[in-house]
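Colleague: Coordinates in input38.tsv, TSV, C-alpha atoms, are listed below.
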```tsv
chain	number	residue	atom	x	y	z
K	1	MET	CA	0.30	-6.60	23.90
K	2	LEU	CA	1.92	-4.05	21.59
K	3	LYS	CA	2.44	-0.49	22.83
K	4	VAL	CA	1.41	2.09	20.23
K	5	ALA	CA	2.03	5.84	19.99
K	6	ILE	CA	0.58	8.26	17.43
K	7	VAL	CA	2.15	11.46	16.11
K	8	GLY	CA	-0.26	13.89	14.47
K	9	CYS	CA	-3.71	14.78	15.79
K	10	GLY	CA	-5.55	15.56	12.58
K	11	VAL	CA	-8.68	14.11	11.02
K	12	ILE	CA	-7.10	10.78	10.04
K	13	THR	CA	-6.06	10.19	13.64
K	14	THR	CA	-9.44	10.99	15.17
K	15	ARG	CA	-11.52	9.21	12.52
K	16	LYS	CA	-9.33	6.18	11.96
K	17	TYR	CA	-6.30	5.44	14.13
K	18	ILE	CA	-7.47	6.16	17.67
K	19	PRO	CA	-10.84	4.39	17.20
K	20	ILE	CA	-9.06	1.44	15.57
K	21	PHE	CA	-6.48	1.05	18.33
K	22	HIS	CA	-9.24	1.34	20.94
K	23	LYS	CA	-11.17	-1.39	19.11
K	24	LEU	CA	-8.01	-3.53	19.06
K	25	LYS	CA	-7.46	-3.21	22.81
K	26	ASN	CA	-6.88	-6.96	23.01
K	27	ARG	CA	-3.79	-6.47	20.81
K	28	THR	CA	-2.60	-2.91	21.47
K	29	THR	CA	-2.28	-0.29	24.17
K	30	LEU	CA	-2.27	3.37	23.12
K	31	VAL	CA	0.50	4.83	25.28
K	32	GLY	CA	0.69	8.39	23.93
K	33	ILE	CA	-0.17	10.97	21.30
K	34	CYS	CA	1.95	13.84	20.02
K	35	ASP	CA	1.37	17.06	18.10
K	36	THR	CA	3.14	20.43	17.95
K	37	ASN	CA	-0.26	22.13	17.97
K	38	GLU	CA	-1.09	22.29	21.68
K	39	SER	CA	-4.73	23.17	21.11
K	40	ALA	CA	-5.31	20.20	18.78
K	41	LEU	CA	-3.40	17.93	21.15
K	42	LYS	CA	-5.55	18.87	24.14
K	43	GLN	CA	-8.76	18.64	22.15
K	44	VAL	CA	-8.01	15.11	20.93
K	45	ALA	CA	-6.81	14.00	24.38
K	46	ALA	CA	-10.07	15.19	25.93
K	47	MET	CA	-12.17	13.66	23.16
K	48	PHE	CA	-10.68	10.18	23.71
K	49	ASN	CA	-9.65	10.45	27.36
K	50	ILE	CA	-5.93	10.04	26.61
K	51	ARG	CA	-3.60	10.89	29.49
K	52	ASN	CA	-0.14	10.84	27.93
K	53	THR	CA	0.25	13.81	25.59
K	54	TYR	CA	3.45	15.25	24.14
K	55	MET	CA	4.51	18.20	22.03
K	56	ASP	CA	8.01	16.76	21.66
K	57	PHE	CA	8.18	13.60	19.56
K	58	GLY	CA	11.54	12.48	20.90
K	59	GLU	CA	10.33	12.80	24.46
K	60	MET	CA	7.30	10.62	23.74
K	61	ILE	CA	9.50	7.89	22.26
K	62	LEU	CA	11.97	8.11	25.15
K	63	ARG	CA	9.35	7.99	27.89
K	64	GLN	CA	6.86	5.50	26.40
K	65	ARG	CA	9.16	3.20	24.38
K	66	PRO	CA	6.36	2.24	21.95
K	67	ASP	CA	6.61	-0.94	19.92
K	68	ILE	CA	4.83	0.83	17.07
K	69	VAL	CA	4.57	4.47	16.04
K	70	ALA	CA	1.79	5.58	13.69
K	71	VAL	CA	2.90	8.67	11.74
K	72	CYS	CA	-0.15	10.75	10.75
K	73	THR	CA	1.45	14.14	10.13
K	74	PRO	CA	1.73	16.18	6.89
K	75	PRO	CA	3.81	14.35	4.24
K	76	ALA	CA	6.74	16.79	4.37
K	77	THR	CA	7.44	15.70	7.97
K	78	HIS	CA	7.29	11.95	7.39
K	79	THR	CA	10.95	11.27	6.64
K	80	ARG	CA	12.35	12.86	9.80
K	81	LEU	CA	9.76	11.35	12.13
K	82	VAL	CA	9.87	7.86	10.60
K	83	ILE	CA	13.66	7.67	10.73
K	84	GLU	CA	13.78	8.96	14.30
K	85	ALA	CA	11.24	6.37	15.43
K	86	LEU	CA	13.08	3.55	13.64
K	87	GLU	CA	16.42	4.61	15.10
K	88	LYS	CA	14.94	4.58	18.60
K	89	GLY	CA	13.63	1.04	18.21
K	90	SER	CA	10.00	1.38	17.12
K	91	HIS	CA	8.31	-0.22	14.14
K	92	VAL	CA	6.53	2.41	12.04
K	93	LEU	CA	3.25	2.59	10.13
K	94	VAL	CA	3.09	5.83	8.13
K	95	GLU	CA	0.19	7.39	6.24
K	96	LYS	CA	0.45	7.84	2.48
K	97	PRO	CA	2.12	9.42	0.69
K	98	MET	CA	5.18	7.78	2.22
K	99	ALA	CA	7.32	10.83	1.39
K	100	LEU	CA	7.57	13.61	-1.14
K	101	THR	CA	10.57	12.14	-2.97
K	102	SER	CA	11.87	8.66	-3.74
K	103	ALA	CA	15.22	9.73	-2.27
K	104	ASP	CA	13.54	10.23	1.10
K	105	CYS	CA	11.82	6.85	0.74
K	106	HIS	CA	15.23	5.25	0.22
K	107	LYS	CA	16.44	6.82	3.47
K	108	MET	CA	13.43	5.48	5.35
K	109	VAL	CA	13.80	1.96	3.96
K	110	ASP	CA	17.54	1.99	4.69
K	111	ALA	CA	16.83	3.03	8.30
K	112	SER	CA	14.27	0.23	8.60
K	113	ASN	CA	16.76	-2.35	7.35
K	114	SER	CA	19.74	-1.11	9.34
K	115	HIS	CA	17.81	-1.01	12.63
K	116	GLY	CA	15.86	-4.21	12.05
K	117	ARG	CA	12.46	-2.56	12.43
K	118	LYS	CA	9.37	-3.03	10.26
K	119	LEU	CA	8.17	-0.15	8.07
K	120	GLY	CA	4.66	-0.13	6.59
K	121	ILE	CA	2.72	2.39	4.52
K	122	MET	CA	-1.02	2.83	4.95
K	123	HIS	CA	-2.06	2.06	1.37
K	124	ASN	CA	-5.54	1.47	2.73
K	125	GLN	CA	-7.28	0.46	-0.50
K	126	VAL	CA	-5.01	-2.54	-1.11
K	127	PHE	CA	-6.62	-3.90	2.08
K	128	ASN	CA	-10.15	-3.22	0.78
K	129	PRO	CA	-11.91	-6.62	0.87
K	130	ALA	CA	-13.19	-6.22	-2.69
K	131	PHE	CA	-9.72	-5.43	-4.03
K	132	GLU	CA	-8.08	-8.26	-2.10
K	133	LYS	CA	-10.64	-10.69	-3.50
K	134	ALA	CA	-10.07	-9.32	-7.01
K	135	CYS	CA	-6.31	-9.87	-6.69
K	136	ASP	CA	-6.94	-13.45	-5.54
K	137	LEU	CA	-9.25	-14.09	-8.52
K	138	VAL	CA	-6.69	-12.71	-10.96
K	139	SER	CA	-3.93	-14.87	-9.42
K	140	ALA	CA	-6.18	-17.94	-9.64
K	141	GLY	CA	-6.84	-17.34	-13.34
K	142	ALA	CA	-10.57	-16.75	-12.82
K	143	ILE	CA	-10.66	-14.17	-15.63
K	144	GLY	CA	-8.12	-15.87	-17.85
K	145	LYS	CA	-4.97	-13.99	-18.74
K	146	PHE	CA	-4.79	-10.53	-17.16
K	147	LEU	CA	-4.88	-7.84	-19.88
K	148	GLY	CA	-5.19	-4.50	-18.06
K	149	MET	CA	-7.33	-2.29	-15.87
K	150	ARG	CA	-9.09	1.06	-15.50
K	151	THR	CA	-9.26	3.15	-12.32
K	152	PHE	CA	-11.70	5.98	-11.60
K	153	LEU	CA	-11.41	8.12	-8.45
K	154	LEU	CA	-13.85	11.01	-7.99
K	155	THR	CA	-13.11	13.37	-5.10
K	156	PRO	CA	-15.85	15.87	-4.14
K	157	VAL	CA	-14.98	19.48	-4.88
K	158	ASP	CA	-15.37	20.53	-1.23
K	159	ASP	CA	-12.86	17.93	-0.01
K	160	MET	CA	-9.86	19.77	-1.46
K	161	THR	CA	-10.54	21.81	-4.58
K	162	SER	CA	-12.56	24.65	-3.04
K	163	ASN	CA	-10.41	24.83	0.12
K	164	GLN	CA	-7.44	27.08	-0.63
K	165	LYS	CA	-5.76	26.19	2.68
K	166	HIS	CA	-5.95	22.41	2.21
K	167	TRP	CA	-2.50	20.86	2.62
K	168	ALA	CA	-2.86	18.92	-0.66
K	169	HIS	CA	-2.34	22.11	-2.68
K	170	LYS	CA	1.18	22.37	-1.23
K	171	LEU	CA	2.20	18.94	-2.48
K	172	PRO	CA	4.18	18.38	-5.68
K	173	GLY	CA	1.46	18.18	-8.32
K	174	GLY	CA	-1.14	19.62	-5.94
K	175	VAL	CA	-4.21	17.38	-5.61
K	176	LEU	CA	-2.52	14.81	-7.84
K	177	GLY	CA	0.05	14.34	-5.06
K	178	GLU	CA	-2.74	13.50	-2.61
K	179	THR	CA	-4.95	11.16	-4.67
K	180	GLY	CA	-2.35	9.88	-7.12
K	181	PRO	CA	-0.72	7.46	-4.65
K	182	HIS	CA	-4.00	5.52	-4.34
K	183	ALA	CA	-4.20	4.96	-8.09
K	184	ILE	CA	-0.53	4.03	-8.30
K	185	TYR	CA	-0.31	1.54	-5.46
K	186	LEU	CA	-3.48	-0.15	-6.76
K	187	THR	CA	-1.80	-0.32	-10.17
K	188	LEU	CA	1.38	-1.85	-8.77
K	189	ALA	CA	-0.61	-4.63	-7.11
K	190	LEU	CA	-1.41	-6.02	-10.58
K	191	LEU	CA	0.92	-4.46	-13.16
K	192	ASN	CA	4.58	-5.44	-13.47
K	193	ASN	CA	7.35	-3.03	-14.42
K	194	VAL	CA	5.70	0.21	-15.56
K	195	THR	CA	7.84	1.46	-18.45
K	196	ASP	CA	5.91	4.43	-19.81
K	197	VAL	CA	3.55	7.16	-18.56
K	198	HIS	CA	1.18	9.39	-20.55
K	199	VAL	CA	-0.63	12.30	-18.85
K	200	CYS	CA	-3.31	14.78	-19.89
K	201	PHE	CA	-5.42	17.16	-17.82
K	202	LYS	CA	-8.16	19.77	-17.88
K	203	LYS	CA	-8.52	22.82	-15.65
K	204	LEU	CA	-12.32	22.96	-15.31
K	205	LEU	CA	-12.90	25.42	-12.46
K	206	PRO	CA	-10.94	28.66	-12.93
K	207	GLU	CA	-12.57	30.08	-9.78
K	208	TYR	CA	-10.15	27.87	-7.82
K	209	PRO	CA	-6.76	28.95	-9.23
K	210	TRP	CA	-4.87	27.30	-6.38
K	211	SER	CA	-6.09	23.86	-7.55
K	212	SER	CA	-3.72	22.29	-10.08
K	213	ALA	CA	-6.53	20.70	-12.16
K	214	GLU	CA	-9.96	19.12	-11.77
K	215	ASP	CA	-9.61	16.37	-14.39
K	216	ILE	CA	-6.30	14.48	-14.53
K	217	ARG	CA	-5.86	11.34	-16.60
K	218	PHE	CA	-2.84	9.13	-17.09
K	219	ASP	CA	-1.96	5.78	-18.61
K	220	LEU	CA	0.56	3.55	-16.86
K	221	VAL	CA	2.06	1.18	-19.42
K	222	ALA	CA	3.61	-2.01	-18.01
K	223	ASP	CA	4.97	-5.30	-19.30
K	224	ASN	CA	1.69	-7.12	-18.66
K	225	GLY	CA	-0.90	-4.42	-19.39
K	226	ILE	CA	-2.04	-0.81	-19.01
K	227	ASN	CA	-3.95	0.99	-16.28
K	228	SER	CA	-5.92	3.99	-17.55
K	229	VAL	CA	-6.47	6.26	-14.54
K	230	THR	CA	-9.02	9.07	-14.24
K	231	LEU	CA	-8.87	11.43	-11.26
K	232	MET	CA	-11.62	14.08	-11.02
K	233	TYR	CA	-12.05	16.82	-8.42
K	234	GLY	CA	-14.78	19.12	-9.72
K	235	SER	CA	-18.05	17.36	-8.86
K	236	ASN	CA	-20.05	17.12	-5.64
K	237	GLN	CA	-20.06	13.34	-6.12
K	238	SER	CA	-17.70	10.67	-4.76
K	239	ALA	CA	-16.58	7.42	-6.38
K	240	ALA	CA	-13.79	4.85	-6.32
K	241	GLU	CA	-14.16	2.22	-9.03
K	242	ILE	CA	-11.89	-0.25	-10.78
K	243	GLU	CA	-12.35	-2.51	-13.79
K	244	ILE	CA	-9.95	-5.43	-14.29
K	245	ILE	CA	-10.02	-7.08	-17.71
K	246	GLY	CA	-8.95	-10.60	-18.63
K	247	THR	CA	-9.26	-12.83	-21.67
K	248	GLU	CA	-12.10	-14.83	-20.08
K	249	GLY	CA	-13.89	-12.33	-17.88
K	250	MET	CA	-13.94	-8.94	-16.21
K	251	LEU	CA	-14.08	-7.75	-12.60
K	252	LYS	CA	-15.89	-4.54	-11.62
K	253	LEU	CA	-15.14	-3.14	-8.17
K	254	ASP	CA	-16.85	-0.43	-6.16
K	255	LEU	CA	-14.28	0.25	-3.44
K	256	GLN	CA	-16.66	2.42	-1.43
K	257	SER	CA	-19.35	-0.25	-1.09
K	258	ARG	CA	-16.72	-3.05	-1.13
K	259	ILE	CA	-18.68	-4.85	-3.84
K	260	LEU	CA	-17.03	-6.90	-6.58
K	261	ILE	CA	-18.93	-8.14	-9.64
K	262	HIS	CA	-17.46	-10.93	-11.77
K	263	HIS	CA	-18.73	-10.41	-15.34
K	264	ASN	CA	-18.56	-12.89	-18.18
K	265	ARG	CA	-20.14	-11.65	-21.40
K	266	THR	CA	-18.53	-14.06	-23.81
K	267	VAL	CA	-19.14	-13.37	-27.49
K	268	GLY	CA	-19.06	-16.45	-29.71
K	269	SER	CA	-19.73	-16.64	-33.41
K	270	GLU	CA	-22.28	-13.81	-33.21
K	271	LEU	CA	-22.53	-10.49	-31.49
K	272	LEU	CA	-23.54	-10.49	-27.84
K	273	SER	CA	-26.86	-12.29	-27.68
K	274	ALA	CA	-29.86	-11.26	-25.61
K	275	LYS	CA	-29.54	-14.53	-23.65
K	276	ALA	CA	-25.90	-13.85	-22.76
K	277	LEU	CA	-26.71	-10.27	-21.77
K	278	ILE	CA	-29.66	-11.31	-19.57
K	279	LYS	CA	-27.52	-13.97	-17.92
K	280	SER	CA	-24.76	-11.46	-17.21
K	281	VAL	CA	-27.12	-8.82	-15.83
K	282	THR	CA	-28.93	-11.36	-13.66
K	283	SER	CA	-25.63	-12.61	-12.30
K	284	GLY	CA	-24.52	-9.04	-11.58
K	285	VAL	CA	-27.72	-8.24	-9.70
K	286	TYR	CA	-27.37	-11.44	-7.66
K	287	GLN	CA	-23.72	-10.76	-6.81
K	288	THR	CA	-24.50	-7.16	-5.87
K	289	ALA	CA	-27.42	-8.09	-3.63
K	290	THR	CA	-25.48	-10.89	-1.93
K	291	SER	CA	-22.40	-8.75	-1.35
K	292	PHE	CA	-24.51	-5.85	-0.10
K	293	ALA	CA	-26.29	-8.08	2.42
K	294	ILE	CA	-23.11	-9.74	3.67
K	295	ASN	CA	-21.20	-6.46	3.89
K	296	GLY	CA	-24.11	-4.85	5.73
K	297	ILE	CA	-24.20	-7.61	8.32
K	298	VAL	CA	-20.43	-7.58	8.82
K	299	HIS	CA	-20.33	-3.79	9.11
K	300	ALA	CA	-23.28	-3.65	11.50
K	301	PHE	CA	-21.87	-6.20	13.92
K	302	LYS	CA	-18.08	-6.05	13.51
K	303	LYS	CA	-17.25	-2.92	11.48
K	304	THR	CA	-14.24	-4.74	10.03
K	305	LEU	CA	-14.57	-3.84	6.33
K	306	ASP	CA	-12.57	-0.59	6.54
K	307	GLY	CA	-9.22	-0.65	4.73
K	308	HIS	CA	-7.49	1.19	7.57
K	309	TYR	CA	-8.81	-1.31	10.13
K	310	ILE	CA	-7.68	-4.28	8.05
K	311	GLY	CA	-4.36	-2.59	7.25
K	312	VAL	CA	-3.60	-1.90	10.92
K	313	ASN	CA	-4.43	-5.51	11.80
K	314	ARG	CA	-2.16	-6.78	9.03
K	315	PHE	CA	0.64	-4.51	10.19
K	316	LEU	CA	0.31	-5.85	13.74
K	317	ASP	CA	0.72	-9.36	12.29
K	318	TYR	CA	3.66	-8.14	10.21
K	319	VAL	CA	5.36	-6.95	13.40
K	320	ALA	CA	4.34	-9.82	15.67
K	321	ILE	CA	4.78	-12.88	13.45
K	322	ASP	CA	6.41	-11.53	10.27
K	323	ALA	CA	3.22	-12.18	8.28
K	324	PRO	CA	3.03	-10.90	4.68
K	325	PHE	CA	2.16	-7.20	4.33
K	326	ARG	CA	0.99	-5.73	1.02
K	327	ALA	CA	2.28	-2.22	1.73
K	328	SER	CA	5.88	-2.55	2.88
K	329	GLY	CA	8.45	0.23	2.77
K	330	GLU	CA	9.75	-1.20	-0.51
K	331	LYS	CA	6.26	-0.99	-2.04
K	332	GLY	CA	5.91	2.57	-0.75
K	333	LYS	CA	9.24	3.47	-2.33
K	334	GLU	CA	8.13	2.01	-5.66
K	335	THR	CA	4.84	3.93	-5.45
K	336	THR	CA	6.58	7.24	-4.74
K	337	ALA	CA	9.09	6.79	-7.56
K	338	LEU	CA	6.29	6.19	-10.07
K	339	LEU	CA	4.28	9.10	-8.64
K	340	GLU	CA	7.31	11.35	-9.23
K	341	THR	CA	7.26	10.38	-12.90
K	342	VAL	CA	3.51	11.00	-13.20
K	343	ILE	CA	3.85	14.42	-11.55
K	344	GLN	CA	6.78	15.31	-13.81
K	345	LYS	CA	4.73	14.42	-16.89
K	346	PHE	CA	1.77	16.37	-15.47
K	347	GLN	CA	3.88	19.48	-14.90
K	348	GLU	CA	5.35	19.20	-18.39
K	349	ALA	CA	1.79	19.08	-19.77
K	350	GLN	CA	0.90	22.15	-17.71
K	351	GLN	CA	3.89	24.03	-19.07
K	352	ARG	CA	2.85	23.19	-22.63
K	353	GLU	CA	-0.56	24.68	-21.82
K	354	GLY	CA	1.05	27.77	-20.28
K	355	ILE	CA	-0.16	26.95	-16.75
K	356	SER	CA	2.18	27.22	-13.77
K	357	ALA	CA	3.23	23.77	-12.58
K	358	VAL	CA	2.28	24.22	-8.94
K	359	VAL	CA	0.14	26.85	-7.22
K	360	THR	CA	0.79	26.64	-3.49
K	361	ALA	CA	-1.66	27.70	-0.86
K	362	PRO	CA	-0.69	30.39	1.64
```
Kindly present the structure from the file in C-alpha cells form.
Modeller:
Amino acid sequence: MLKVAIVGCGVITTRKYIPIFHKLKNRTTLVGICDTNESALKQVAAMFNIRNTYMDFGEMILRQRPDIVAVCTPPATHTRLVIEALEKGSHVLVEKPMALTSADCHKMVDASNSHGRKLGIMHNQVFNPAFEKACDLVSAGAIGKFLGMRTFLLTPVDDMTSNQKHWAHKLPGGVLGETGPHAIYLTLALLNNVTDVHVCFKKLLPEYPWSSAEDIRFDLVADNGINSVTLMYGSNQSAAEIEIIGTEGMLKLDLQSRILIHHNRTVGSELLSAKALIKSVTSGVYQTATSFAINGIVHAFKKTLDGHYIGVNRFLDYVAIDAPFRASGEKGKETTALLETVIQKFQEAQQREGISAVVTAP
C-alpha cells in the first residue's frame, strides 16, 4: 500500500486526484492534503472527509512520510515543491506544465536522479486509450510508413479566454502556455527530433485584451514528419482531435470520446471510386458504433477510460515495479524545451504584429 499526499486544493485535485486515489484504495492511502489557502484547504477536507490537513508543505512531508506526492499547484511553484519532495524521499507526480523553463526541468530531473526517486508528469492525453491504441498501430505498421499528423484542440471561451483572473494568462505565452503542452507531448510521442517551428496567430476577440490570442497555429517539423497544430480559444465549443497519416492508411482520433477510426481510402489507377468511399464510410460507422458501445459499457461500470486515472495507475506501477511510463521527467523536460521555442516564435510573431508579447492578469 503506497502512502500518497497531495499539495494544491484546486479544481484538478477535487475533480481528478482525490476521487482517483479514493477509487484506488486497494493500492493507495491518502495520508494528507496541503494548501496555503486555509479556506480552500478546509473546504476540500470537509468535502472528502480528510483528516490530515496542512498549510506547511514541509511539515506534511515530515509527519506523513508519503511514498508519493502529487503536485497540483500553479506551475510557477512546481520546481520548489517537486525538488523538496524528492529530497525528502518521496516519488513525485506533477501536473503539466512540468515547469515554466527547461532550466527548472533540468533541476527537477537532476534531483530525481540524485535521490533515486521517480518523477512523472501528468501528460494525461498520452494515456488516453484511443491515443495509446493509435501509437500501437503506428508501431505495428498498420498504416504503413508514418508520414505526419495534425492536432486540433478547441478550448471553450469561458474556460480561460473570458476570465481575466485565470492563472493561464500569467503563463509565458498566456493560454498557449496552458494548452500548448498537450499538443507538444502528443507530438513527441510520434515525431523524432523536432528541428524547426513555424507559428502564426490571430487575435479574434479584442474584448478580451488579457488573452494572448484566440487562434494559434504552429508546425513542428521533425526528422520523420510534421505535426500541424491548431489551438483555438474563441468558440463555445470543445474538441480534441488528431489525424495520423501513413502511406497505407490514416487514423482519426476523438480524444474526448476516446474513439479511433482506422481509415483506408486507397486510390488506385483512378480517382477515389464510389465503392471505395462507401466501404470506407461503412467501416467508419461500424468502428464508431462499436467503440462507442464498448466505451459506454466500460465507463458505466468501471469509469477507467480517463487519462488521469490511467496515468495515475501507470505511475503507481512505475514506482512499485519500475514499469514503463510514457511521461517521465525526461519527457517532461523535452516537452518544456520545445514549448519554450514555440512560445518564443509566438512572441516574435506578436511583436511583428505590434502586439505586446504577454498581457498578465492582475
Colleague: Considering only C-alpha atoms, give me a table of residues in range 136-233 of chain K that are at most 12 Å from range 92-103 of chain K, with the closest atom pair and distance in Å for each, as a tab-separated table.
Modeller:
```
residue	atom	partner	partner_atom	distance
K:Ala168	CA	K:Pro97	CA	10.8
K:Lys170	CA	K:Leu100	CA	10.8
K:Leu171	CA	K:Leu100	CA	7.7
K:Pro172	CA	K:Leu100	CA	7.4
K:Gly173	CA	K:Leu100	CA	10.5
K:Gly174	CA	K:Leu100	CA	11.6
K:Val175	CA	K:Pro97	CA	12.0
K:Leu176	CA	K:Pro97	CA	11.1
K:Gly177	CA	K:Pro97	CA	7.8
K:Glu178	CA	K:Pro97	CA	7.2
K:Thr179	CA	K:Pro97	CA	9.0
K:Gly180	CA	K:Pro97	CA	9.0
K:Pro181	CA	K:Pro97	CA	6.4
K:His182	CA	K:Lys96	CA	8.5
K:Ala183	CA	K:Pro97	CA	11.7
K:Ile184	CA	K:Pro97	CA	10.8
K:Tyr185	CA	K:Lys96	CA	10.2
```
Colleague: From the set K:Ile310, K:Leu305, K:Ile245, K:Ala213, which residue has the shortest atom-to-atom contact distance to Ala349 in chain K, counting all atoms listed in the file?
Modeller: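 Of all the options, K:Ala213 lies closest to Ala349 in chain K.
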Colleague: If you measure from CA of Phe21 in chain K to CA of Ala45 in chain K, what distance in Å do you get, rounded to one decimal?
Modeller: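 Taking CA of Phe21 in chain K and CA of Ala45 in chain K, their separation equals 14.3 Å.
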Colleague: List as a Markdown table every residue of range 48-151 of chain K that is in contact with range 312-322 of chain K, defined as an atom at most 10 Å from one of its atoms (using only C-alpha atoms), together with the nearest atom pair and the distance in Å rounded to one decimal, sorted by chain and then rising number.
Modeller:
```
| residue | atom | partner | partner_atom | distance |
| --- | --- | --- | --- | --- |
| K:Asp67 | CA | K:Val319 | CA | 9.0 |
| K:Ile68 | CA | K:Val319 | CA | 8.6 |
| K:Ala70 | CA | K:Val312 | CA | 9.6 |
| K:His91 | CA | K:Val319 | CA | 7.4 |
| K:Val92 | CA | K:Phe315 | CA | 9.3 |
| K:Leu93 | CA | K:Phe315 | CA | 7.6 |
| K:Arg117 | CA | K:Val319 | CA | 8.4 |
| K:Lys118 | CA | K:Val319 | CA | 6.4 |
| K:Leu119 | CA | K:Phe315 | CA | 9.0 |
| K:Gly120 | CA | K:Phe315 | CA | 7.0 |
| K:Ile121 | CA | K:Phe315 | CA | 9.2 |
| K:Met122 | CA | K:Val312 | CA | 8.0 |
| K:Asn124 | CA | K:Val312 | CA | 9.1 |
| K:Phe127 | CA | K:Arg314 | CA | 8.7 |
```
Colleague: Which is closer to Leu30 in chain K than all the others in K:Phe48, K:Phe57, K:Phe346, K:Phe201, using all atoms listed in the file?
Modeller: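 Closest residue, counting all atoms listed in the file: K:Phe48.
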Colleague: Take CA of Arg217 in chain K and CA of Leu253 in chain K and report the distance between them in Å, one decimal.
Modeller: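 A separation of 19.2 Å between them.
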Colleague: Between CA of Ile216 in chain K and CA of Gln347 in chain K, what is the spacing in Å?
Modeller: 11.3 Å
Colleague: Out of K:Leu154, K:Ala76, K:Ala222, K:Met232, which residue has the shortest atom-to-atom distance to Trp167 in chain K when counting only C-alpha atoms?
Modeller: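 Of K:Leu154, K:Ala76, K:Ala222, K:Met232, the one nearest Trp167 in chain K is K:Ala76, counting only C-alpha atoms.
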Colleague: Using only C-alpha atoms, determine which residues lie at most 6 Å from range 189-198 of chain K, disregarding the query and same-chain residues fewer than 5 positions distant; provide the list as an MDAnalysis selection string.
Modeller: chainID K and resid 218:223
Colleague: Under the rule that only C-alpha atoms are counted, which of K:Leu204, K:Val4, K:Ala130, K:Val31 is the nearest residue to Val71 in chain K?
Modeller: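 Nearest to Val71 in chain K: K:Val4.
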Colleague: Let me know the centre plus edge lengths, in Å and rounded to one decimal, of a box with edges along x, y and z that contains all listed atoms of range 39-53 of chain K and is padded by 5 Å on every side, as AutoDock Vina command-line options.
Modeller:
```
--center_x -6.0 --center_y 16.6 --center_z 24.1 --size_x 22.4 --size_y 23.1 --size_z 20.7
```
Colleague: Considering all atoms listed in the file, return as a list in words whatever protein or nucleic-acid residues lie within 10 Å of Asn264 in chain K, sequence-local ones (same chain, fewer than 2 positions apart) excluded.
Modeller: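 Result of the neighbour search: Ile143, Gly246, Thr247, Glu248, Gly249, Met250, Leu251, Ile261, His262, Thr266, Val267, Ala276, Leu277, Lys279, Ser280, Val281, Ser283 and Gly284 of chain K.
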Colleague: Excluding Thr79 in chain K and residues on its chain fewer than 4 positions from it, collect all residues at most 8 Å away from it, counting only C-alpha atoms, and give them as a list in words.
Modeller: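 The filter keeps Ile83, Ala99, Asp104, Cys105, Lys107 and Met108 of chain K.
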